[in-house]
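Trainee: What follows is protein_12.csv; its format and atoms are CSV, C-alpha atoms (C1' of nucleotides).
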```
chain,number,residue,atom,x,y,z
A,1,MET,CA,138.1,35.5,143.8
A,2,LEU,CA,134.6,35.3,142.5
A,3,GLU,CA,133.5,33.0,145.2
A,4,LEU,CA,135.1,35.1,147.8
A,5,ALA,CA,133.2,38.2,146.5
A,6,ILE,CA,129.9,36.3,146.5
A,7,LEU,CA,130.4,35.1,150.1
A,8,GLY,CA,131.6,38.5,151.1
A,9,PHE,CA,128.6,40.4,149.8
A,10,LEU,CA,126.1,37.9,151.2
A,11,TYR,CA,127.7,38.1,154.6
A,12,ASP,CA,126.1,41.5,155.1
A,13,THR,CA,122.7,40.8,153.7
A,14,PRO,CA,120.8,38.3,151.4
A,15,LEU,CA,120.8,39.3,147.7
A,16,HIS,CA,119.4,37.9,144.5
A,17,GLY,CA,121.8,36.9,141.8
A,18,TYR,CA,121.2,39.9,139.6
A,19,GLU,CA,121.9,42.3,142.4
A,20,LEU,CA,125.0,40.3,143.3
A,21,ARG,CA,126.2,40.6,139.7
A,22,LYS,CA,125.9,44.4,139.8
A,23,ARG,CA,127.8,44.7,143.1
A,24,ILE,CA,130.6,42.5,141.8
A,25,ALA,CA,130.7,44.5,138.6
A,26,ALA,CA,131.1,47.7,140.7
A,27,LEU,CA,133.8,46.1,142.9
A,28,THR,CA,136.1,44.5,140.3
A,29,GLY,CA,134.3,44.8,137.0
A,30,HIS,CA,136.1,47.8,135.6
A,31,VAL,CA,139.4,45.8,136.0
A,32,LYS,CA,138.3,42.2,135.5
A,33,PRO,CA,134.7,41.8,134.3
A,34,VAL,CA,132.8,38.7,135.3
A,35,ALA,CA,130.5,37.1,132.8
A,36,GLU,CA,127.0,36.1,133.8
A,37,SER,CA,127.7,32.6,132.6
A,38,THR,CA,130.4,32.5,135.3
A,39,LEU,CA,128.4,34.0,138.1
A,40,TYR,CA,125.3,31.7,138.0
A,41,PRO,CA,127.3,28.5,137.9
A,42,ALA,CA,129.4,29.8,140.8
A,43,ILE,CA,126.3,30.4,142.8
A,44,LYS,CA,125.1,26.9,142.1
A,45,ARG,CA,128.5,25.6,143.2
A,46,LEU,CA,128.3,27.4,146.5
A,47,GLU,CA,124.7,26.2,146.9
A,48,LYS,CA,125.6,22.6,146.2
A,49,ALA,CA,128.4,22.9,148.8
A,50,GLY,CA,125.8,24.0,151.3
A,51,LEU,CA,127.3,27.5,151.7
A,52,LEU,CA,124.3,29.4,150.7
A,53,ALA,CA,120.5,28.8,150.4
A,54,ARG,CA,118.1,30.0,147.8
A,55,ALA,CA,114.6,31.3,148.3
A,56,THR,CA,112.4,32.2,145.3
A,57,GLU,CA,110.6,35.5,145.4
A,58,PRO,CA,108.4,37.1,142.7
A,59,GLY,CA,110.5,39.4,140.6
A,60,ALA,CA,110.1,43.2,140.9
A,61,VAL,CA,109.7,43.6,137.1
A,62,ALA,CA,110.6,40.4,135.4
A,63,ALA,CA,111.4,36.8,136.2
A,64,PRO,CA,111.3,35.5,139.8
A,65,ARG,CA,114.3,36.3,141.9
A,66,HIS,CA,116.4,33.8,143.7
A,67,VAL,CA,117.3,35.4,147.0
A,68,LEU,CA,120.5,34.0,148.3
A,69,THR,CA,121.3,33.7,152.0
A,70,LEU,CA,124.5,32.5,153.5
A,71,THR,CA,124.2,29.4,155.7
A,72,ASP,CA,126.2,29.0,158.9
A,73,ALA,CA,128.6,26.9,157.0
A,74,GLY,CA,128.9,29.7,154.4
A,75,ARG,CA,129.6,32.3,157.1
A,76,ARG,CA,132.3,30.0,158.5
A,77,GLU,CA,133.7,29.5,155.1
A,78,LEU,CA,134.1,33.2,154.4
A,79,ARG,CA,135.8,33.7,157.8
A,80,HIS,CA,138.1,30.8,157.0
A,81,ARG,CA,139.0,32.1,153.5
A,82,LEU,CA,139.7,35.5,155.0
A,83,THR,CA,141.7,34.2,157.9
A,84,GLU,CA,143.9,31.9,155.8
A,85,PRO,CA,144.0,33.3,152.3
A,86,ASP,CA,145.5,31.3,149.5
A,87,PRO,CA,149.0,32.5,148.6
A,88,ARG,CA,147.6,33.8,145.3
A,89,ASP,CA,145.2,36.0,147.3
A,90,ILE,CA,148.2,37.6,148.9
A,91,SER,CA,150.4,38.1,145.8
A,92,ASP,CA,147.9,39.0,143.1
A,93,GLU,CA,146.6,42.5,143.5
A,94,ASN,CA,143.2,41.6,142.0
A,95,ARG,CA,142.6,38.9,144.5
A,96,TRP,CA,144.2,40.8,147.3
A,97,PHE,CA,141.8,43.7,146.8
A,98,THR,CA,138.9,41.2,147.1
A,99,VAL,CA,140.3,40.0,150.4
A,100,LEU,CA,140.7,43.6,151.6
A,101,ALA,CA,137.2,44.5,150.5
A,102,PHE,CA,135.7,42.0,153.0
A,103,LEU,CA,138.4,41.8,155.7
A,104,ARG,CA,136.2,43.8,158.0
A,105,HIS,CA,134.1,40.6,158.3
A,106,LEU,CA,136.7,39.2,160.6
A,107,ASP,CA,135.7,40.5,164.0
A,108,ASP,CA,139.2,39.8,165.4
A,109,ALA,CA,141.7,42.6,164.9
A,110,ALA,CA,144.5,40.2,165.6
A,111,ALA,CA,143.4,38.0,162.8
A,112,GLN,CA,143.0,41.0,160.4
A,113,SER,CA,146.5,42.0,161.4
A,114,VAL,CA,147.9,38.6,160.6
A,115,VAL,CA,146.5,38.8,157.0
A,116,LEU,CA,148.0,42.3,156.5
A,117,ARG,CA,151.3,41.1,157.8
A,118,ARG,CA,151.4,38.4,155.2
A,119,ARG,CA,150.9,41.0,152.5
A,120,LEU,CA,153.6,43.1,154.1
A,121,ALA,CA,156.0,40.2,154.1
A,122,PHE,CA,155.3,39.6,150.4
A,123,LEU,CA,155.9,43.2,149.5
A,124,GLU,CA,159.1,43.4,151.5
A,125,GLU,CA,160.7,40.5,149.6
A,126,PRO,CA,163.2,41.9,147.1
A,127,ALA,CA,161.4,41.1,143.8
A,128,SER,CA,161.5,42.6,140.4
A,129,PHE,CA,160.1,41.7,137.0
A,130,PHE,CA,163.5,41.7,135.4
A,131,TYR,CA,166.8,40.2,136.6
A,132,ASP,CA,170.5,40.2,135.8
A,133,GLY,CA,171.1,36.6,136.8
A,134,ASP,CA,169.6,36.6,140.4
A,135,ARG,CA,169.9,40.3,140.9
A,136,PRO,CA,166.7,42.2,140.6
A,137,LEU,CA,167.2,45.1,138.2
A,138,ARG,CA,166.2,48.7,139.0
A,139,ALA,CA,164.2,50.9,136.7
A,140,GLU,CA,167.3,53.0,136.0
A,141,GLU,CA,169.2,50.0,134.7
A,142,LEU,CA,166.7,49.3,131.9
A,143,ASP,CA,166.9,50.7,128.4
A,144,ASP,CA,163.4,49.8,127.4
A,145,PRO,CA,161.1,52.7,128.4
A,146,PHE,CA,158.1,50.3,128.7
A,147,ARG,CA,159.8,47.9,131.0
A,148,ARG,CA,161.1,50.9,133.0
A,149,GLY,CA,157.5,51.9,133.3
A,150,ILE,CA,156.5,48.6,134.8
A,151,LEU,CA,159.1,49.0,137.5
A,152,THR,CA,158.3,52.7,138.1
A,153,ILE,CA,154.6,52.0,138.5
A,154,ALA,CA,155.1,48.8,140.6
A,155,ARG,CA,157.5,50.8,142.9
A,156,ALA,CA,155.0,53.6,143.4
A,157,THR,CA,152.3,51.1,144.3
A,158,SER,CA,154.5,49.2,146.6
A,159,ARG,CA,155.6,52.3,148.4
A,160,ALA,CA,152.0,53.5,148.9
A,161,GLU,CA,150.9,50.1,150.1
A,162,LEU,CA,153.8,49.6,152.5
A,163,THR,CA,153.0,52.9,154.1
A,164,TRP,CA,149.3,52.1,154.4
A,165,LEU,CA,150.0,48.6,155.7
A,166,ARG,CA,152.3,49.7,158.4
A,167,GLU,CA,150.0,52.4,159.5
A,168,THR,CA,147.0,50.1,159.5
A,169,ILE,CA,148.8,47.3,161.3
A,170,ALA,CA,149.8,49.8,164.0
A,171,SER,CA,146.3,51.1,164.4
A,172,LEU,CA,144.9,47.6,164.8
A,173,GLY,CA,146.9,47.6,168.0
A,174,GLY,CA,149.8,45.3,167.2
B,1,MET,CA,148.6,36.6,129.1
B,2,LEU,CA,150.6,33.4,129.1
B,3,GLU,CA,150.6,33.1,125.4
B,4,LEU,CA,151.6,36.7,125.0
B,5,ALA,CA,154.6,36.1,127.3
B,6,ILE,CA,155.6,33.0,125.3
B,7,LEU,CA,155.4,34.9,122.0
B,8,GLY,CA,157.1,37.9,123.5
B,9,PHE,CA,160.1,36.0,124.9
B,10,LEU,CA,160.5,34.0,121.7
B,11,TYR,CA,160.4,37.1,119.6
B,12,ASP,CA,163.9,37.9,120.7
B,13,THR,CA,165.5,34.5,120.5
B,14,PRO,CA,164.6,30.8,120.3
B,15,LEU,CA,164.3,29.1,123.7
B,16,HIS,CA,163.5,25.7,125.1
B,17,GLY,CA,160.4,25.2,127.3
B,18,TYR,CA,162.3,25.0,130.5
B,19,GLU,CA,164.1,28.2,129.9
B,20,LEU,CA,160.9,29.9,128.9
B,21,ARG,CA,159.4,28.7,132.1
B,22,LYS,CA,162.1,30.4,134.2
B,23,ARG,CA,161.8,33.6,132.3
B,24,ILE,CA,158.0,33.7,132.7
B,25,ALA,CA,158.5,32.9,136.4
B,26,ALA,CA,160.8,35.9,136.7
B,27,LEU,CA,158.5,38.2,134.8
B,28,THR,CA,155.2,37.4,136.5
B,29,GLY,CA,155.7,34.4,138.7
B,30,HIS,CA,156.0,36.3,142.0
B,31,VAL,CA,152.6,37.7,141.5
B,32,LYS,CA,150.8,35.1,139.4
B,33,PRO,CA,152.7,31.8,139.3
B,34,VAL,CA,152.3,29.6,136.1
B,35,ALA,CA,152.2,25.9,136.6
B,36,GLU,CA,154.3,23.6,134.4
B,37,SER,CA,151.1,21.8,133.4
B,38,THR,CA,149.9,25.1,132.0
B,39,LEU,CA,153.0,26.1,130.1
B,40,TYR,CA,153.6,22.9,128.1
B,41,PRO,CA,150.0,22.6,126.8
B,42,ALA,CA,150.2,26.3,125.9
B,43,ILE,CA,153.3,25.7,123.9
B,44,LYS,CA,151.6,22.8,122.1
B,45,ARG,CA,148.6,25.1,121.4
B,46,LEU,CA,150.8,27.7,119.8
B,47,GLU,CA,152.7,25.0,117.9
B,48,LYS,CA,149.5,23.5,116.6
B,49,ALA,CA,148.3,27.0,115.5
B,50,GLY,CA,151.6,27.3,113.5
B,51,LEU,CA,152.9,30.1,115.6
B,52,LEU,CA,156.0,28.4,116.7
B,53,ALA,CA,158.2,25.5,115.5
B,54,ARG,CA,160.0,22.9,117.6
B,55,ALA,CA,163.5,21.5,117.1
B,56,THR,CA,164.9,18.7,119.4
B,57,GLU,CA,168.4,19.2,120.7
B,58,PRO,CA,170.3,17.0,123.2
B,59,GLY,CA,169.7,18.3,126.7
B,60,ALA,CA,172.6,19.9,128.5
B,61,VAL,CA,172.2,17.8,131.6
B,62,ALA,CA,168.9,15.8,131.3
B,63,ALA,CA,166.2,15.1,128.8
B,64,PRO,CA,166.4,16.4,125.3
B,65,ARG,CA,165.4,20.0,124.9
B,66,HIS,CA,162.7,21.2,122.6
B,67,VAL,CA,164.0,24.5,121.2
B,68,LEU,CA,161.1,26.7,120.2
B,69,THR,CA,161.3,29.2,117.4
B,70,LEU,CA,158.6,31.7,116.3
B,71,THR,CA,157.4,31.3,112.8
B,72,ASP,CA,156.6,34.2,110.6
B,73,ALA,CA,153.0,33.7,111.5
B,74,GLY,CA,154.0,33.8,115.2
B,75,ARG,CA,155.9,37.0,114.7
B,76,ARG,CA,152.9,38.6,113.0
B,77,GLU,CA,150.6,37.2,115.8
B,78,LEU,CA,152.7,38.9,118.5
B,79,ARG,CA,152.7,42.2,116.7
B,80,HIS,CA,149.0,41.9,116.2
B,81,ARG,CA,148.3,41.1,119.9
B,82,LEU,CA,150.4,44.1,120.9
B,83,THR,CA,148.9,46.4,118.4
B,84,GLU,CA,145.3,45.6,119.3
B,85,PRO,CA,145.3,44.3,122.8
B,86,ASP,CA,142.1,42.7,124.2
B,87,PRO,CA,140.2,45.1,126.5
B,88,ARG,CA,141.2,42.9,129.4
B,89,ASP,CA,144.9,43.5,128.5
B,90,ILE,CA,144.3,47.2,129.1
B,91,SER,CA,142.2,47.1,132.3
B,92,ASP,CA,143.9,44.2,134.2
B,93,GLU,CA,147.3,45.3,135.6
B,94,ASN,CA,148.7,41.8,135.4
B,95,ARG,CA,147.9,41.6,131.7
B,96,TRP,CA,148.8,45.2,131.0
B,97,PHE,CA,152.2,44.6,132.5
B,98,THR,CA,152.7,41.7,130.1
B,99,VAL,CA,151.8,44.0,127.2
B,100,LEU,CA,154.2,46.6,128.4
B,101,ALA,CA,157.0,44.0,128.8
B,102,PHE,CA,157.0,43.3,125.1
B,103,LEU,CA,155.7,46.5,123.6
B,104,ARG,CA,159.1,47.4,122.4
B,105,HIS,CA,158.7,44.7,119.8
B,106,LEU,CA,156.4,47.1,117.9
B,107,ASP,CA,158.8,49.0,115.8
B,108,ASP,CA,156.4,51.8,115.1
B,109,ALA,CA,156.4,54.5,117.8
B,110,ALA,CA,152.9,55.6,116.7
B,111,ALA,CA,151.5,52.1,117.2
B,112,GLN,CA,153.1,52.0,120.7
B,113,SER,CA,151.6,55.4,121.4
B,114,VAL,CA,148.1,54.2,120.5
B,115,VAL,CA,148.4,51.4,123.0
B,116,LEU,CA,149.6,53.7,125.8
B,117,ARG,CA,146.7,56.0,125.0
B,118,ARG,CA,144.2,53.3,125.4
B,119,ARG,CA,145.5,52.6,128.9
B,120,LEU,CA,145.5,56.4,129.6
B,121,ALA,CA,141.9,56.6,128.5
B,122,PHE,CA,141.0,53.7,130.8
B,123,LEU,CA,142.8,55.3,133.8
B,124,GLU,CA,141.1,58.7,133.2
B,125,GLU,CA,137.6,57.3,133.4
B,126,PRO,CA,136.2,58.1,136.8
B,127,ALA,CA,136.0,54.6,138.4
B,128,SER,CA,136.0,53.4,141.9
B,129,PHE,CA,135.6,50.1,143.7
B,130,PHE,CA,132.8,51.5,145.8
B,131,TYR,CA,129.8,53.6,144.9
B,132,ASP,CA,126.9,55.6,146.4
B,133,GLY,CA,124.4,54.9,143.7
B,134,ASP,CA,126.3,55.9,140.6
B,135,ARG,CA,128.7,58.3,142.3
B,136,PRO,CA,132.2,56.8,142.9
B,137,LEU,CA,133.2,57.1,146.6
B,138,ARG,CA,136.5,58.6,147.7
B,139,ALA,CA,138.7,57.0,150.3
B,140,GLU,CA,137.7,59.7,152.9
B,141,GLU,CA,134.1,58.7,152.6
B,142,LEU,CA,134.6,55.2,153.7
B,143,ASP,CA,134.5,54.0,157.3
B,144,ASP,CA,136.1,50.6,156.6
B,145,PRO,CA,139.9,51.0,156.9
B,146,PHE,CA,140.5,48.1,154.5
B,147,ARG,CA,138.3,49.5,151.8
B,148,ARG,CA,139.9,52.9,152.4
B,149,GLY,CA,143.2,51.1,151.8
B,150,ILE,CA,142.1,49.8,148.5
B,151,LEU,CA,141.3,53.3,147.2
B,152,THR,CA,144.4,54.8,148.7
B,153,ILE,CA,146.6,52.2,147.0
B,154,ALA,CA,144.7,52.3,143.7
B,155,ARG,CA,144.9,56.1,143.7
B,156,ALA,CA,148.7,56.1,144.3
B,157,THR,CA,149.2,53.6,141.4
B,158,SER,CA,146.9,55.5,139.1
B,159,ARG,CA,148.8,58.8,139.8
B,160,ALA,CA,152.2,57.3,139.2
B,161,GLU,CA,151.0,55.5,136.0
B,162,LEU,CA,149.3,58.6,134.6
B,163,THR,CA,152.4,60.6,135.1
B,164,TRP,CA,154.5,58.0,133.4
B,165,LEU,CA,152.1,57.5,130.6
B,166,ARG,CA,151.9,61.2,129.7
B,167,GLU,CA,155.7,61.5,129.8
B,168,THR,CA,156.2,58.4,127.7
B,169,ILE,CA,153.5,59.3,125.2
B,170,ALA,CA,155.1,62.8,124.8
B,171,SER,CA,158.6,61.3,124.4
B,172,LEU,CA,157.3,59.0,121.7
B,173,GLY,CA,156.7,62.1,119.7
B,174,GLY,CA,152.9,62.2,119.8
C,1,DT,C1',175.5,5.1,150.1
C,2,DA,C1',171.1,7.3,149.9
C,3,DT,C1',168.6,11.2,149.0
C,4,DT,C1',167.5,15.4,147.3
C,5,DA,C1',167.7,19.1,143.9
C,6,DA,C1',167.9,20.6,139.3
C,7,DT,C1',167.1,19.8,134.5
C,8,DA,C1',163.6,18.7,131.0
C,9,DC,C1',159.5,17.2,129.4
C,10,DA,C1',154.7,15.1,129.5
C,11,DT,C1',149.7,13.3,130.7
C,12,DC,C1',145.4,13.2,133.1
C,13,DG,C1',141.2,14.4,135.7
C,14,DG,C1',138.7,18.0,137.5
C,15,DT,C1',137.2,22.6,137.5
C,16,DA,C1',136.6,27.7,136.4
C,17,DT,C1',135.7,30.7,132.9
C,18,DC,C1',134.0,32.6,128.6
C,19,DG,C1',131.1,33.5,124.6
C,20,DA,C1',127.0,32.6,122.4
C,21,DG,C1',122.7,31.9,122.8
C,22,DG,C1',118.0,31.1,125.0
C,23,DT,C1',113.5,32.3,127.9
C,24,DA,C1',110.6,35.6,129.9
C,25,DT,C1',108.3,40.3,131.3
C,26,DA,C1',107.8,45.3,131.5
C,27,DG,C1',108.5,50.0,130.1
C,28,DG,C1',109.9,53.6,127.0
C,29,DG,C1',111.1,55.5,122.6
C,30,DT,C1',110.1,56.0,117.4
D,1,DA,C1',103.5,48.2,115.5
D,2,DC,C1',108.2,47.7,116.4
D,3,DC,C1',112.4,47.6,118.8
D,4,DC,C1',115.5,48.4,122.4
D,5,DT,C1',116.8,48.3,127.2
D,6,DA,C1',116.6,46.6,131.7
D,7,DT,C1',115.3,42.9,134.7
D,8,DA,C1',116.2,38.0,135.9
D,9,DC,C1',117.7,33.6,135.2
D,10,DC,C1',119.7,29.6,132.6
D,11,DT,C1',122.3,26.1,129.3
D,12,DC,C1',126.0,24.5,126.4
D,13,DG,C1',130.4,23.7,124.1
D,14,DA,C1',135.1,25.1,124.1
D,15,DT,C1',139.1,26.1,126.4
D,16,DA,C1',142.5,27.4,130.0
D,17,DC,C1',144.2,26.3,134.1
D,18,DC,C1',145.7,23.6,138.1
D,19,DG,C1',147.4,19.8,141.1
D,20,DA,C1',149.0,15.4,141.1
D,21,DT,C1',151.8,12.3,139.0
D,22,DG,C1',155.1,10.1,135.8
D,23,DT,C1',159.8,9.5,133.3
D,24,DA,C1',164.8,10.2,133.0
D,25,DT,C1',169.4,12.0,133.9
D,26,DT,C1',173.1,14.3,136.4
D,27,DA,C1',175.2,16.6,140.3
D,28,DA,C1',175.5,17.8,144.9
D,29,DT,C1',174.8,16.8,149.6
D,30,DA,C1',174.2,14.3,153.8
```
In structure tokens, how does this file's structure come out?
Mentor:
Amino acid sequence: MLELAILGFLYDTPLHGYELRKRIAALTGHVKPVAESTLYPAIKRLEKAGLLARATEPGAVAAPRHVLTLTDAGRRELRHRLTEPDPRDISDENRWFTVLAFLRHLDDAAAQSVVLRRRLAFLEEPASFFYDGDRPLRAEELDDPFRRGILTIARATSRAELTWLRETIASLGG
Amino acid sequence: MLELAILGFLYDTPLHGYELRKRIAALTGHVKPVAESTLYPAIKRLEKAGLLARATEPGAVAAPRHVLTLTDAGRRELRHRLTEPDPRDISDENRWFTVLAFLRHLDDAAAQSVVLRRRLAFLEEPASFFYDGDRPLRAEELDDPFRRGILTIARATSRAELTWLRETIASLGG
DNA sequence: TATTAATACATCGGTATCGAGGTATAGGGT
DNA sequence: ACCCTATACCTCGATACCGATGTATTAATA
């Protein structure tokens, strides 16, 4: 998720680490903060893997900046991660939103559509958080108001997303 | 999140690891699967910390079962984790849902209400995934259909949850 | 008869993440 | 004179997690 966000932001324009940090904080930080001590090693990982290159510039006010640029391999890697996301990128909303945030970087509408359809298929599976044997329970069948809340909220999300997915898939010219 | 789920399930009744695994898979597995190699070490951690005790029983069909029972310290620990959740338990939906799934274990309606209010306060903060400087952007202001989707879905979730939270807080007799 | 699935647990190496702390510089407040 | 905040990067130890793999037994299936 973090690596995807780094690649995604750098796909548009080179950035130094500190700026990257602020953009990632804006994107996902209010839900799932990323520590500095996670970001810098992640950058090093991607650099070591040849996905990005580092150029040192004098800092605007403080220490020298390390301006990060995606290599060709890095650009390919982002497109690959967006084209064939990990199953967790589809099922987990945090990760799915990161995919969505950068899906525009796929220039092929058909490829974008395939990704949206995977999410659609996931949401169309009958799944719950609570079961009676194998049968998924509905909110109305639960006594616990908090568990009922989970199902109520999840259902509202699911409905909104299904509508949006179907509209967007259609508009991509499926 | 995993530890909370383990403590939460065992609060009701002793279970062996394999059964625990199935219950956790039902609760959060469709969104965020938990590997076996994560669960068993987590159980050991909690055992080592004195939060649960293990009793060996002959297995129904296969290897002997390790039936896990919460200790008094374990019961206190669950109540503590529910009473004062980590900020991430409030902001991250995956973790928040786990808190909600077991919030009934707090016998004090006032304490439950405090937790719901923390989530309410979080959702009421003006936050977006995308900004123009400091100003959160609305879905309508975005060209990218996928980023617009993120905001559309997030807004629908937020609306549904705010409604539910306010109703539930009121019904708890706030 | 062979194989697969389900039950039931466990270890091991590799990696991702976090919190705490460290090293600088510059500007503004008190 | 002092401290705080923001900029800008980094290290280190601890831990949590994952995938791969291992060990055993029973029941169903091909």
Trainee: Could you list, with a cut-off of 10 Å and counting only C-alpha atoms (C1' of nucleotides), the residues of chain D near chain B, each shown with its nearest atom pair and the distance in Å rounded to one decimal, rows sorted by chain and ascending number, as JSON lines?
Mentor:
```
{"residue": "D:DA16", "atom": "C1'", "partner": "B:Thr38", "partner_atom": "CA", "distance": 8.0}
{"residue": "D:DC17", "atom": "C1'", "partner": "B:Thr38", "partner_atom": "CA", "distance": 6.2}
{"residue": "D:DC18", "atom": "C1'", "partner": "B:Ala35", "partner_atom": "CA", "distance": 7.1}
{"residue": "D:DG19", "atom": "C1'", "partner": "B:Ser37", "partner_atom": "CA", "distance": 8.8}
{"residue": "D:DT23", "atom": "C1'", "partner": "B:Ala63", "partner_atom": "CA", "distance": 9.6}
{"residue": "D:DA24", "atom": "C1'", "partner": "B:Ala63", "partner_atom": "CA", "distance": 6.6}
{"residue": "D:DT25", "atom": "C1'", "partner": "B:Ala62", "partner_atom": "CA", "distance": 4.6}
{"residue": "D:DT26", "atom": "C1'", "partner": "B:Val61", "partner_atom": "CA", "distance": 6.0}
{"residue": "D:DA27", "atom": "C1'", "partner": "B:Val61", "partner_atom": "CA", "distance": 9.3}
```
Trainee: Name all residues at most 12 Å from His80 of chain A (count all atoms listed in the file; drop same-chain ones fewer than 4 positions away) and give them as a tab-separated table (two decimals) with C-alpha atoms, in the frame of the given file.
Mentor:
```tsv
chain	number	residue	atom	x	y	z
A	4	LEU	CA	135.10	35.10	147.80
A	7	LEU	CA	130.40	35.10	150.10
A	8	GLY	CA	131.60	38.50	151.10
A	73	ALA	CA	128.60	26.90	157.00
A	74	GLY	CA	128.90	29.70	154.40
A	75	ARG	CA	129.60	32.30	157.10
A	76	ARG	CA	132.30	30.00	158.50
A	84	GLU	CA	143.90	31.90	155.80
A	85	PRO	CA	144.00	33.30	152.30
A	86	ASP	CA	145.50	31.30	149.50
A	99	VAL	CA	140.30	40.00	150.40
A	103	LEU	CA	138.40	41.80	155.70
A	105	HIS	CA	134.10	40.60	158.30
A	106	LEU	CA	136.70	39.20	160.60
A	111	ALA	CA	143.40	38.00	162.80
A	112	GLN	CA	143.00	41.00	160.40
A	115	VAL	CA	146.50	38.80	157.00
```
Trainee: Work out how far atom CA of Ala156 of chain B is from atom CA of Arg118 of chain B, in Å to one decimal.
Mentor: 19.6 Å
Trainee: So which residues fall inside 10 Å of (147.4, 14.7, 130.4) if we count all atoms listed in the file? Mind giving them as a ChimeraX atom specification?
Mentor: /B:37,41 /C:10-13 /D:21
Trainee: How would the residues just picked look written out with C-alpha atoms (C1' of nucleotides) as an mmCIF file, in the coordinates of the input?
Mentor:
```cif
data_model
loop_
_atom_site.group_PDB
_atom_site.id
_atom_site.type_symbol
_atom_site.label_atom_id
_atom_site.label_comp_id
_atom_site.auth_asym_id
_atom_site.auth_seq_id
_atom_site.Cartn_x
_atom_site.Cartn_y
_atom_site.Cartn_z
ATOM 1 C CA SER B 37 151.100 21.800 133.400
ATOM 2 C CA PRO B 41 150.000 22.600 126.800
ATOM 3 C "C1'" DA C 10 154.700 15.100 129.500
ATOM 4 C "C1'" DT C 11 149.700 13.300 130.700
ATOM 5 C "C1'" DC C 12 145.400 13.200 133.100
ATOM 6 C "C1'" DG C 13 141.200 14.400 135.700
ATOM 7 C "C1'" DT D 21 151.800 12.300 139.000
#
```
Trainee: Counting only C-alpha atoms, figure out which residue out of A:Leu70, A:Glu141, A:Leu123, A:Arg45 gets nearest to chain B.
Mentor: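 The shortest atom-to-atom distance to chain B comes from A:Leu123.
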Trainee: Using only C-alpha atoms, find the residues of chain A whose closest atom to chain B is at most 8 Å away, then write them as a short mmCIF file (atom, residue, chain, number, x, y, z; two decimals) with C-alpha atoms, in the frame of the given file.
Mentor:
```cif
data_model
loop_
_atom_site.label_atom_id
_atom_site.label_comp_id
_atom_site.auth_asym_id
_atom_site.auth_seq_id
_atom_site.Cartn_x
_atom_site.Cartn_y
_atom_site.Cartn_z
CA ALA A 26 131.10 47.70 140.70
CA LEU A 27 133.80 46.10 142.90
CA THR A 28 136.10 44.50 140.30
CA HIS A 30 136.10 47.80 135.60
CA VAL A 31 139.40 45.80 136.00
CA LYS A 32 138.30 42.20 135.50
CA ARG A 88 147.60 33.80 145.30
CA SER A 91 150.40 38.10 145.80
CA ASP A 92 147.90 39.00 143.10
CA GLU A 93 146.60 42.50 143.50
CA PHE A 97 141.80 43.70 146.80
CA LEU A 100 140.70 43.60 151.60
CA ALA A 101 137.20 44.50 150.50
CA PHE A 102 135.70 42.00 153.00
CA LEU A 103 138.40 41.80 155.70
CA ARG A 104 136.20 43.80 158.00
CA ALA A 127 161.40 41.10 143.80
CA SER A 128 161.50 42.60 140.40
CA PHE A 129 160.10 41.70 137.00
CA PHE A 130 163.50 41.70 135.40
CA TYR A 131 166.80 40.20 136.60
CA ASP A 144 163.40 49.80 127.40
CA PRO A 145 161.10 52.70 128.40
CA PHE A 146 158.10 50.30 128.70
CA ARG A 147 159.80 47.90 131.00
CA GLY A 149 157.50 51.90 133.30
CA ILE A 150 156.50 48.60 134.80
CA THR A 152 158.30 52.70 138.10
CA ILE A 153 154.60 52.00 138.50
CA ALA A 154 155.10 48.80 140.60
CA ALA A 156 155.00 53.60 143.40
CA THR A 157 152.30 51.10 144.30
CA ALA A 160 152.00 53.50 148.90
CA GLU A 161 150.90 50.10 150.10
CA TRP A 164 149.30 52.10 154.40
CA THR A 168 147.00 50.10 159.50
#
```
Trainee: Between chain C and chain B, at 9 Å or less, what are the per-residue closest atom pairs and their distances in Å? Count only C-alpha atoms (C1' of nucleotides), order by chain and rising residue number, and return it as JSON lines.
Mentor:
```
{"residue": "C:DT7", "atom": "C1'", "partner": "B:Ala62", "partner_atom": "CA", "distance": 5.4}
{"residue": "C:DA8", "atom": "C1'", "partner": "B:Ala63", "partner_atom": "CA", "distance": 5.0}
{"residue": "C:DC9", "atom": "C1'", "partner": "B:Ala63", "partner_atom": "CA", "distance": 7.0}
{"residue": "C:DA10", "atom": "C1'", "partner": "B:Tyr40", "partner_atom": "CA", "distance": 8.0}
```
Trainee: In Å, how far is it from atom CA of Leu51 of chain A to atom C1' of DT11 of chain D?
Mentor: 23.0 Å
Trainee: Rank nothing, just name the residue among C:DT30, C:DT15, C:DG22, C:DT1 nearest to DC2 of chain D, using all atoms listed in the file.
Mentor: C:DT30
Trainee: Would you mind reading off the distance between atom CA of Arg166 of chain B and atom CA of Ser113 of chain B, one decimal, in Å?
Mentor: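 These two atoms are separated by 10.1 Å.
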Trainee: Residues within 12 Å of DA2 of chain C, please, as a list of chain:residue names. Count all atoms listed in the file; anything in the same chain fewer than 2 positions from it doesn't count.
Mentor: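 In the requested form, the answer reads C:DT4, D:DT29, D:DA30.
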